[in-house]
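Undergrad: What follows is the file work_6.csv, containing CSV, N, CA and C atoms:
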```csv
chain,number,residue,atom,x,y,z
A,1,MET,N,5.9,41.7,-24.7
A,1,MET,CA,5.7,40.9,-23.6
A,1,MET,C,5.9,41.8,-22.3
A,2,ASN,N,4.9,41.9,-21.5
A,2,ASN,CA,5.1,42.7,-20.3
A,2,ASN,C,5.4,41.9,-19.1
A,3,VAL,N,5.6,42.5,-17.9
A,3,VAL,CA,6.0,41.9,-16.7
A,3,VAL,C,5.0,40.8,-16.3
A,4,ASP,N,3.7,41.1,-16.4
A,4,ASP,CA,2.6,40.2,-16.0
A,4,ASP,C,2.8,38.9,-16.8
A,5,ASP,N,3.1,38.9,-18.1
A,5,ASP,CA,3.3,37.7,-18.9
A,5,ASP,C,4.5,36.9,-18.4
A,6,VAL,N,5.6,37.6,-18.1
A,6,VAL,CA,6.8,36.9,-17.6
A,6,VAL,C,6.5,36.2,-16.2
A,7,VAL,N,5.8,36.9,-15.3
A,7,VAL,CA,5.4,36.4,-14.0
A,7,VAL,C,4.5,35.2,-14.2
A,8,ALA,N,3.5,35.3,-15.1
A,8,ALA,CA,2.6,34.2,-15.4
A,8,ALA,C,3.3,33.0,-15.9
A,9,GLU,N,4.3,33.2,-16.8
A,9,GLU,CA,5.1,32.1,-17.3
A,9,GLU,C,5.9,31.4,-16.2
A,10,LYS,N,6.5,32.2,-15.3
A,10,LYS,CA,7.3,31.6,-14.2
A,10,LYS,C,6.4,30.8,-13.3
A,11,ILE,N,5.2,31.4,-13.0
A,11,ILE,CA,4.3,30.7,-12.1
A,11,ILE,C,3.8,29.3,-12.8
A,12,ALA,N,3.5,29.4,-14.1
A,12,ALA,CA,3.1,28.1,-14.8
A,12,ALA,C,4.3,27.1,-14.8
A,13,ALA,N,5.5,27.6,-15.0
A,13,ALA,CA,6.6,26.7,-15.0
A,13,ALA,C,6.8,26.1,-13.6
A,14,ALA,N,6.7,26.9,-12.5
A,14,ALA,CA,6.8,26.4,-11.2
A,14,ALA,C,5.7,25.3,-10.9
A,15,ARG,N,4.5,25.6,-11.3
A,15,ARG,CA,3.4,24.6,-11.1
A,15,ARG,C,3.7,23.3,-11.8
A,16,ALA,N,4.2,23.4,-13.1
A,16,ALA,CA,4.5,22.2,-13.8
A,16,ALA,C,5.7,21.4,-13.1
A,17,ARG,N,6.7,22.1,-12.6
A,17,ARG,CA,7.8,21.4,-11.9
A,17,ARG,C,7.2,20.8,-10.7
A,18,ALA,N,6.3,21.5,-9.9
A,18,ALA,CA,5.8,20.9,-8.7
A,18,ALA,C,4.9,19.7,-9.0
A,19,GLU,N,4.1,19.7,-10.1
A,19,GLU,CA,3.3,18.6,-10.5
A,19,GLU,C,4.2,17.4,-11.0
A,20,ALA,N,5.2,17.7,-11.7
A,20,ALA,CA,6.1,16.6,-12.1
A,20,ALA,C,6.8,16.0,-10.9
A,21,ALA,N,7.2,16.8,-9.9
A,21,ALA,CA,7.8,16.2,-8.7
A,21,ALA,C,6.8,15.4,-8.0
A,22,LYS,N,5.6,15.8,-7.9
A,22,LYS,CA,4.5,15.0,-7.2
A,22,LYS,C,4.3,13.7,-7.9
A,23,ARG,N,4.3,13.7,-9.3
A,23,ARG,CA,4.1,12.5,-10.0
A,23,ARG,C,5.3,11.5,-9.8
A,24,ARG,N,6.5,12.1,-9.8
A,24,ARG,CA,7.7,11.3,-9.5
A,24,ARG,C,7.7,10.6,-8.2
A,25,ARG,N,7.3,11.4,-7.1
A,25,ARG,CA,7.2,10.9,-5.8
A,25,ARG,C,6.1,9.8,-5.7
A,26,ALA,N,5.0,10.0,-6.4
A,26,ALA,CA,3.9,9.0,-6.3
A,26,ALA,C,4.4,7.7,-7.0
A,27,ALA,N,5.0,7.8,-8.1
A,27,ALA,CA,5.5,6.6,-8.8
A,27,ALA,C,6.6,5.9,-8.0
A,28,PHE,N,7.5,6.7,-7.4
A,28,PHE,CA,8.5,6.1,-6.5
A,28,PHE,C,7.8,5.4,-5.3
A,29,SER,N,6.9,6.0,-4.7
A,29,SER,CA,6.2,5.4,-3.6
A,29,SER,C,5.5,4.1,-4.0
A,30,ALA,N,4.8,4.1,-5.1
A,30,ALA,CA,4.1,2.9,-5.6
A,30,ALA,C,5.1,1.8,-5.8
A,31,ALA,N,6.2,2.1,-6.5
A,31,ALA,CA,7.2,1.1,-6.8
A,31,ALA,C,7.8,0.6,-5.5
A,32,ARG,N,8.0,1.5,-4.5
A,32,ARG,CA,8.6,1.1,-3.2
A,32,ARG,C,7.7,0.1,-2.5
A,33,GLN,N,6.4,0.4,-2.5
A,33,GLN,CA,5.4,-0.5,-1.9
A,33,GLN,C,5.4,-1.8,-2.5
A,34,ARG,N,5.4,-1.9,-3.9
A,34,ARG,CA,5.5,-3.2,-4.6
A,34,ARG,C,6.8,-3.9,-4.2
A,35,GLY,N,7.9,-3.2,-4.2
A,35,GLY,CA,9.2,-3.8,-3.9
A,35,GLY,C,9.2,-4.3,-2.5
A,36,LEU,N,8.6,-3.6,-1.5
A,36,LEU,CA,8.6,-4.0,-0.1
A,36,LEU,C,7.7,-5.3,0.0
A,37,ALA,N,6.6,-5.3,-0.7
A,37,ALA,CA,5.7,-6.5,-0.6
A,37,ALA,C,6.4,-7.7,-1.2
A,38,HIS,N,7.1,-7.5,-2.3
A,38,HIS,CA,7.9,-8.6,-3.0
A,38,HIS,C,9.0,-9.1,-2.1
A,39,ARG,N,9.8,-8.1,-1.5
A,39,ARG,CA,10.9,-8.6,-0.6
A,39,ARG,C,10.4,-9.3,0.6
A,40,HIS,N,9.2,-8.8,1.2
A,40,HIS,CA,8.7,-9.5,2.4
A,40,HIS,C,8.2,-10.9,2.0
A,41,ALA,N,7.6,-11.0,0.9
A,41,ALA,CA,7.1,-12.4,0.5
A,41,ALA,C,8.3,-13.3,0.2
A,42,ALA,N,9.4,-12.8,-0.4
A,42,ALA,CA,10.6,-13.6,-0.7
A,42,ALA,C,11.2,-14.0,0.6
A,43,LYS,N,11.3,-13.1,1.6
A,43,LYS,CA,11.9,-13.4,2.9
A,43,LYS,C,11.1,-14.5,3.6
A,44,LEU,N,9.8,-14.4,3.5
A,44,LEU,CA,9.0,-15.4,4.2
A,44,LEU,C,9.2,-16.8,3.5
A,45,ARG,N,9.3,-16.7,2.1
A,45,ARG,CA,9.5,-18.0,1.4
A,45,ARG,C,10.9,-18.6,1.8
A,46,ARG,N,11.9,-17.7,1.9
A,46,ARG,CA,13.2,-18.2,2.3
A,46,ARG,C,13.2,-18.8,3.7
A,47,LEU,N,12.6,-18.1,4.6
A,47,LEU,CA,12.5,-18.6,6.0
A,47,LEU,C,11.7,-19.9,6.1
A,48,SER,N,10.7,-20.0,5.3
A,48,SER,CA,9.9,-21.2,5.3
A,48,SER,C,10.7,-22.3,4.7
A,49,ASP,N,11.4,-22.1,3.7
A,49,ASP,CA,12.2,-23.1,3.0
A,49,ASP,C,13.4,-23.6,3.9
A,50,SER,N,13.9,-22.7,4.7
A,50,SER,CA,15.1,-23.0,5.5
A,50,SER,C,14.8,-23.7,6.8
A,51,GLU,N,13.6,-23.5,7.3
A,51,GLU,CA,13.2,-24.1,8.6
A,51,GLU,C,13.0,-25.6,8.5
A,52,SER,N,13.3,-26.3,9.5
A,52,SER,CA,13.1,-27.7,9.5
A,52,SER,C,11.6,-28.0,9.8
A,53,PRO,N,11.1,-29.1,9.4
A,53,PRO,CA,9.6,-29.4,9.6
A,53,PRO,C,9.3,-29.7,11.1
A,54,SER,N,10.3,-29.6,12.0
A,54,SER,CA,10.0,-29.9,13.4
A,54,SER,C,9.2,-28.8,14.0
A,55,GLU,N,8.7,-29.0,15.2
A,55,GLU,CA,7.9,-28.0,16.0
A,55,GLU,C,8.7,-26.8,16.2
A,56,PRO,N,8.2,-25.6,15.9
A,56,PRO,CA,8.9,-24.3,16.2
A,56,PRO,C,9.1,-24.1,17.7
A,57,ASP,N,10.3,-23.5,18.0
A,57,ASP,CA,10.6,-23.2,19.4
A,57,ASP,C,9.6,-22.2,20.0
A,58,ASP,N,9.3,-21.2,19.2
A,58,ASP,CA,8.4,-20.2,19.7
A,58,ASP,C,7.0,-20.3,19.0
A,59,PRO,N,6.0,-20.6,19.8
A,59,PRO,CA,4.6,-20.8,19.1
A,59,PRO,C,4.1,-19.5,18.4
A,60,ASP,N,4.7,-18.4,18.7
A,60,ASP,CA,4.3,-17.1,18.0
A,60,ASP,C,5.0,-17.0,16.7
A,61,ASP,N,6.1,-17.8,16.5
A,61,ASP,CA,6.9,-17.7,15.3
A,61,ASP,C,6.4,-18.6,14.3
A,62,VAL,N,5.2,-18.5,13.8
A,62,VAL,CA,4.6,-19.4,12.9
A,62,VAL,C,4.1,-18.6,11.7
A,63,VAL,N,4.5,-19.0,10.5
A,63,VAL,CA,4.0,-18.4,9.2
A,63,VAL,C,2.9,-19.2,8.6
A,64,THR,N,1.8,-18.5,8.4
A,64,THR,CA,0.7,-19.2,7.7
A,64,THR,C,0.6,-18.7,6.3
A,65,GLU,N,0.7,-19.6,5.4
A,65,GLU,CA,0.6,-19.3,4.0
A,65,GLU,C,-0.9,-19.3,3.5
A,66,VAL,N,-1.3,-18.3,2.8
A,66,VAL,CA,-2.6,-18.3,2.2
A,66,VAL,C,-2.5,-18.0,0.7
A,67,THR,N,-3.6,-18.5,0.0
A,67,THR,CA,-3.6,-18.2,-1.4
A,67,THR,C,-4.1,-16.8,-1.6
A,68,GLU,N,-3.9,-16.3,-2.8
A,68,GLU,CA,-4.3,-14.9,-3.2
A,68,GLU,C,-5.8,-14.7,-2.9
A,69,ALA,N,-6.6,-15.7,-3.3
A,69,ALA,CA,-8.1,-15.7,-3.0
A,69,ALA,C,-8.4,-15.6,-1.6
A,70,GLU,N,-7.7,-16.4,-0.7
A,70,GLU,CA,-7.9,-16.3,0.7
A,70,GLU,C,-7.5,-15.0,1.3
A,71,TRP,N,-6.4,-14.4,0.7
A,71,TRP,CA,-5.9,-13.1,1.2
A,71,TRP,C,-7.0,-12.0,0.9
A,72,HIS,N,-7.5,-12.0,-0.3
A,72,HIS,CA,-8.5,-11.0,-0.7
A,72,HIS,C,-9.8,-11.2,0.1
A,73,THR,N,-10.1,-12.5,0.4
A,73,THR,CA,-11.3,-12.7,1.2
A,73,THR,C,-11.1,-12.1,2.6
A,74,GLY,N,-9.9,-12.3,3.2
A,74,GLY,CA,-9.6,-11.8,4.5
A,74,GLY,C,-9.6,-10.3,4.5
A,75,VAL,N,-9.1,-9.7,3.4
A,75,VAL,CA,-9.1,-8.2,3.3
A,75,VAL,C,-10.5,-7.7,3.2
A,76,ARG,N,-11.3,-8.3,2.4
A,76,ARG,CA,-12.7,-7.9,2.3
A,76,ARG,C,-13.4,-8.0,3.6
A,77,THR,N,-13.2,-9.0,4.4
A,77,THR,CA,-13.8,-9.2,5.7
A,77,THR,C,-13.4,-8.1,6.6
A,78,ALA,N,-12.1,-7.8,6.7
A,78,ALA,CA,-11.6,-6.8,7.6
A,78,ALA,C,-12.1,-5.4,7.2
A,79,LEU,N,-12.2,-5.1,5.9
A,79,LEU,CA,-12.7,-3.8,5.4
A,79,LEU,C,-14.2,-3.7,5.8
A,80,ALA,N,-15.0,-4.8,5.6
A,80,ALA,CA,-16.4,-4.8,5.9
A,80,ALA,C,-16.6,-4.6,7.4
A,81,ARG,N,-15.7,-5.2,8.2
A,81,ARG,CA,-15.9,-5.0,9.7
A,81,ARG,C,-15.7,-3.5,10.1
A,82,LEU,N,-14.8,-2.8,9.3
A,82,LEU,CA,-14.6,-1.4,9.6
A,82,LEU,C,-15.6,-0.5,8.8
A,83,GLY,N,-16.3,-1.1,7.9
A,83,GLY,CA,-17.3,-0.3,7.2
A,83,GLY,C,-16.6,0.6,6.2
A,84,LEU,N,-15.5,0.1,5.6
A,84,LEU,CA,-14.7,0.9,4.6
A,84,LEU,C,-14.5,0.1,3.3
A,85,THR,N,-14.2,0.8,2.3
A,85,THR,CA,-13.8,0.2,1.0
A,85,THR,C,-12.3,0.4,1.0
A,86,TYR,N,-11.6,-0.4,0.1
A,86,TYR,CA,-10.2,-0.3,0.0
A,86,TYR,C,-9.8,1.1,-0.5
A,87,ALA,N,-10.6,1.7,-1.4
A,87,ALA,CA,-10.3,3.0,-1.9
A,87,ALA,C,-10.4,4.1,-0.7
A,88,GLU,N,-11.3,3.9,0.1
A,88,GLU,CA,-11.5,4.8,1.3
A,88,GLU,C,-10.3,4.7,2.2
A,89,LEU,N,-9.9,3.4,2.5
A,89,LEU,CA,-8.7,3.2,3.4
A,89,LEU,C,-7.5,3.7,2.7
A,90,GLU,N,-7.3,3.5,1.4
A,90,GLU,CA,-6.1,4.1,0.7
A,90,GLU,C,-6.1,5.6,0.7
A,91,ASP,N,-7.3,6.2,0.6
A,91,ASP,CA,-7.3,7.7,0.7
A,91,ASP,C,-7.0,8.2,2.1
A,92,GLN,N,-7.4,7.5,3.1
A,92,GLN,CA,-7.0,7.8,4.5
A,92,GLN,C,-5.5,7.7,4.7
A,93,ALA,N,-4.9,6.7,4.1
A,93,ALA,CA,-3.5,6.5,4.2
A,93,ALA,C,-2.8,7.6,3.5
A,94,ARG,N,-3.3,8.0,2.3
A,94,ARG,CA,-2.6,9.0,1.5
A,94,ARG,C,-2.7,10.4,2.3
A,95,ARG,N,-3.8,10.6,3.0
A,95,ARG,CA,-3.9,11.8,3.7
A,95,ARG,C,-3.3,11.7,5.1
A,96,ARG,N,-2.9,10.5,5.5
A,96,ARG,CA,-2.4,10.2,6.8
A,96,ARG,C,-3.4,10.6,7.9
A,97,ASP,N,-4.6,10.4,7.7
A,97,ASP,CA,-5.7,10.7,8.6
A,97,ASP,C,-6.7,9.6,8.7
A,98,PHE,N,-6.4,8.6,9.5
A,98,PHE,CA,-7.3,7.4,9.7
A,98,PHE,C,-8.4,7.7,10.6
A,99,THR,N,-9.6,7.1,10.3
A,99,THR,CA,-10.8,7.2,11.1
A,99,THR,C,-10.7,6.5,12.4
A,100,SER,N,-9.8,5.5,12.5
A,100,SER,CA,-9.6,4.8,13.8
A,100,SER,C,-8.3,4.1,13.8
A,101,ALA,N,-7.9,3.7,15.0
A,101,ALA,CA,-6.7,2.9,15.1
A,101,ALA,C,-6.7,1.6,14.4
A,102,GLN,N,-7.9,1.0,14.3
A,102,GLN,CA,-8.1,-0.2,13.6
A,102,GLN,C,-7.9,0.0,12.1
A,103,ALA,N,-8.3,1.1,11.6
A,103,ALA,CA,-8.1,1.4,10.2
A,103,ALA,C,-6.6,1.6,9.9
A,104,HIS,N,-5.9,2.3,10.8
A,104,HIS,CA,-4.5,2.4,10.6
A,104,HIS,C,-3.8,1.1,10.7
A,105,SER,N,-4.2,0.3,11.6
A,105,SER,CA,-3.6,-1.1,11.8
A,105,SER,C,-3.8,-1.9,10.5
A,106,LEU,N,-5.0,-1.9,10.0
A,106,LEU,CA,-5.3,-2.6,8.8
A,106,LEU,C,-4.5,-2.2,7.6
A,107,TRP,N,-4.3,-0.8,7.5
A,107,TRP,CA,-3.5,-0.3,6.4
A,107,TRP,C,-2.1,-0.8,6.5
A,108,THR,N,-1.6,-0.8,7.8
A,108,THR,CA,-0.2,-1.2,8.0
A,108,THR,C,-0.1,-2.7,7.6
A,109,SER,N,-1.1,-3.5,7.8
A,109,SER,CA,-1.0,-4.9,7.4
A,109,SER,C,-1.2,-5.1,6.0
A,110,ILE,N,-2.1,-4.4,5.3
A,110,ILE,CA,-2.4,-4.7,3.9
A,110,ILE,C,-2.0,-3.7,2.9
A,111,GLY,N,-1.6,-2.5,3.3
A,111,GLY,CA,-1.3,-1.4,2.4
A,111,GLY,C,-0.3,-1.8,1.3
A,112,GLY,N,-0.7,-1.7,0.1
A,112,GLY,CA,0.2,-1.9,-1.1
A,112,GLY,C,0.3,-3.4,-1.5
A,113,THR,N,-0.4,-4.3,-0.7
A,113,THR,CA,-0.3,-5.7,-1.1
A,113,THR,C,-1.6,-6.2,-1.8
A,114,VAL,N,-2.6,-5.3,-2.0
A,114,VAL,CA,-3.9,-5.8,-2.5
A,114,VAL,C,-4.0,-5.2,-3.9
A,115,ASN,N,-4.5,-6.0,-4.8
A,115,ASN,CA,-4.8,-5.5,-6.1
A,115,ASN,C,-6.3,-5.1,-6.1
A,116,PRO,N,-6.6,-3.8,-6.1
A,116,PRO,CA,-8.0,-3.4,-5.9
A,116,PRO,C,-9.0,-3.9,-7.0
A,117,GLN,N,-8.5,-4.2,-8.2
A,117,GLN,CA,-9.3,-4.8,-9.3
A,117,GLN,C,-9.7,-6.2,-8.9
A,118,LEU,N,-8.8,-7.0,-8.4
A,118,LEU,CA,-9.1,-8.3,-7.9
A,118,LEU,C,-10.0,-8.3,-6.7
A,119,LEU,N,-9.8,-7.3,-5.9
A,119,LEU,CA,-10.6,-7.2,-4.7
A,119,LEU,C,-12.1,-7.0,-5.1
A,120,GLU,N,-12.3,-6.1,-6.1
A,120,GLU,CA,-13.7,-5.8,-6.5
A,120,GLU,C,-14.3,-7.0,-7.3
A,121,GLU,N,-13.4,-7.6,-8.1
A,121,GLU,CA,-13.9,-8.7,-9.0
A,121,GLU,C,-14.4,-9.9,-8.2
A,122,ASN,N,-13.7,-10.2,-7.1
A,122,ASN,CA,-14.1,-11.4,-6.3
A,122,ASN,C,-15.1,-11.1,-5.2
A,123,SER,N,-15.6,-9.9,-5.1
A,123,SER,CA,-16.6,-9.6,-4.1
A,123,SER,C,-18.0,-10.1,-4.4
```
So, in terms of structure tokens, how does the structure I just supplied come out?
TA:
Amino acid sequence: MNVDDVVAEKIAAARARAEAAKRRRAAFSAARQRGLAHRHAAKLRRLSDSESPSEPDDPDDVVTEVTEAEWHTGVRTALARLGLTYAELEDQARRRDFTSAQAHSLWTSIGGTVNPQLLEENS
């Protein structure tokens, strides 16, 4: 075994460690997004359950509940208005390089809350 073989092994090991770290970060990020969406939905449910049926004090403090189908329809409409697919928007978010402020705003609103398979099936 010569020096080149040792160096090549160390480089391969470093690449493997970097790739494993990248996979761990991606898995953590995906789990975090799912957790955030779940916690936000639970918070909205708790707030909705705890509020009295009377008129809200602040007209801007209104929660509108939509079905999953209505949500996906709204997402498809917003994506169509921007001329993007969900995969393209997700890629822009991954690169943190959005084509417009509207695309960034849309990702902030829907990122991680959409099931891409359902989005495509219902279109």
Undergrad: Distance table requested - range 1-52 of chain A against range 111-116 of chain A, cut-off 6.5 Å, all atoms listed in the file: one row per qualifying residue with the closest atom pair and its distance in Å to one decimal, ordered by chain and rising residue number, as a Markdown table.
TA:
```
| residue | atom | partner | partner_atom | distance |
| --- | --- | --- | --- | --- |
| A:Gln33 | C | A:Gly112 | CA | 5.4 |
| A:Arg34 | N | A:Gly112 | C | 5.8 |
| A:Ala37 | CA | A:Thr113 | CA | 6.1 |
```
Undergrad: Using N, CA and C atoms, can you write the selected residues to a file as an mmCIF file, keeping the file's coordinate frame?
TA:
```cif
data_model
loop_
_atom_site.group_PDB
_atom_site.id
_atom_site.type_symbol
_atom_site.label_atom_id
_atom_site.label_comp_id
_atom_site.auth_asym_id
_atom_site.auth_seq_id
_atom_site.Cartn_x
_atom_site.Cartn_y
_atom_site.Cartn_z
ATOM 1 N N GLN A 33 6.400 0.400 -2.500
ATOM 2 C CA GLN A 33 5.400 -0.500 -1.900
ATOM 3 C C GLN A 33 5.400 -1.800 -2.500
ATOM 4 N N ARG A 34 5.400 -1.900 -3.900
ATOM 5 C CA ARG A 34 5.500 -3.200 -4.600
ATOM 6 C C ARG A 34 6.800 -3.900 -4.200
ATOM 7 N N ALA A 37 6.600 -5.300 -0.700
ATOM 8 C CA ALA A 37 5.700 -6.500 -0.600
ATOM 9 C C ALA A 37 6.400 -7.700 -1.200
#
```
Undergrad: One number please: CA of Thr77 in chain A to CA of Leu119 in chain A, in Å, one decimal.
TA: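 Rounded to one decimal, the two atoms are 11.1 Å apart.
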Undergrad: How would you write as a ChimeraX atom specification the residues that get within 10 Å of (-1.3, 4.8, 1.2) in the file's frame, counting only C-alpha atoms?
TA: /A:29-30,33,87,89-96,107-108,110-112
Undergrad: Give me every alpha helix (DSSP H) residue in chain A, going by DSSP on the backbone, as JSON, numbers by chain.
TA: {"A": [3, 4, 5, 6, 7, 8, 9, 10, 11, 12, 13, 14, 15, 16, 17, 18, 19, 20, 21, 22, 23, 24, 25, 26, 27, 28, 29, 30, 31, 32, 33, 34, 35, 36, 37, 38, 39, 40, 41, 42, 43, 44, 45, 46, 47, 48, 49, 50, 68, 69, 70, 71, 72, 73, 74, 75, 76, 77, 78, 79, 80, 81, 82, 86, 87, 88, 89, 90, 91, 92, 93, 94, 95, 101, 102, 103, 104, 105, 106, 107, 108, 109, 110, 116, 117, 118, 119, 120, 121]}
Undergrad: Within 10 Å of Ala69 in chain A, counting only C-alpha atoms, which residues qualify if same-chain residues fewer than 5 places away don't, as a list of chain:residue names?
TA: A:Gly74, A:Val75, A:Leu118, A:Leu119, A:Asn122
Undergrad: Interatomic distance between CA of Glu19 in chain A and CA of Tyr86 in chain A?
TA: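 One can read the CA of Glu19 in chain A to CA of Tyr86 in chain A distance as 25.5 Å.
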Undergrad: Just the number, please: distance in Å from CA of Leu36 in chain A to atom C of Ser109 in chain A, one decimal.
TA: 11.6 Å
Undergrad: Could you tell me which of A:Ala41, A:Ala27, A:Val6, A:Leu106 comes closest to Ala78 in chain A if we count all atoms listed in the file?
TA: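 Comparing A:Ala41, A:Ala27, A:Val6, A:Leu106 against Ala78 in chain A, the winner is A:Leu106.
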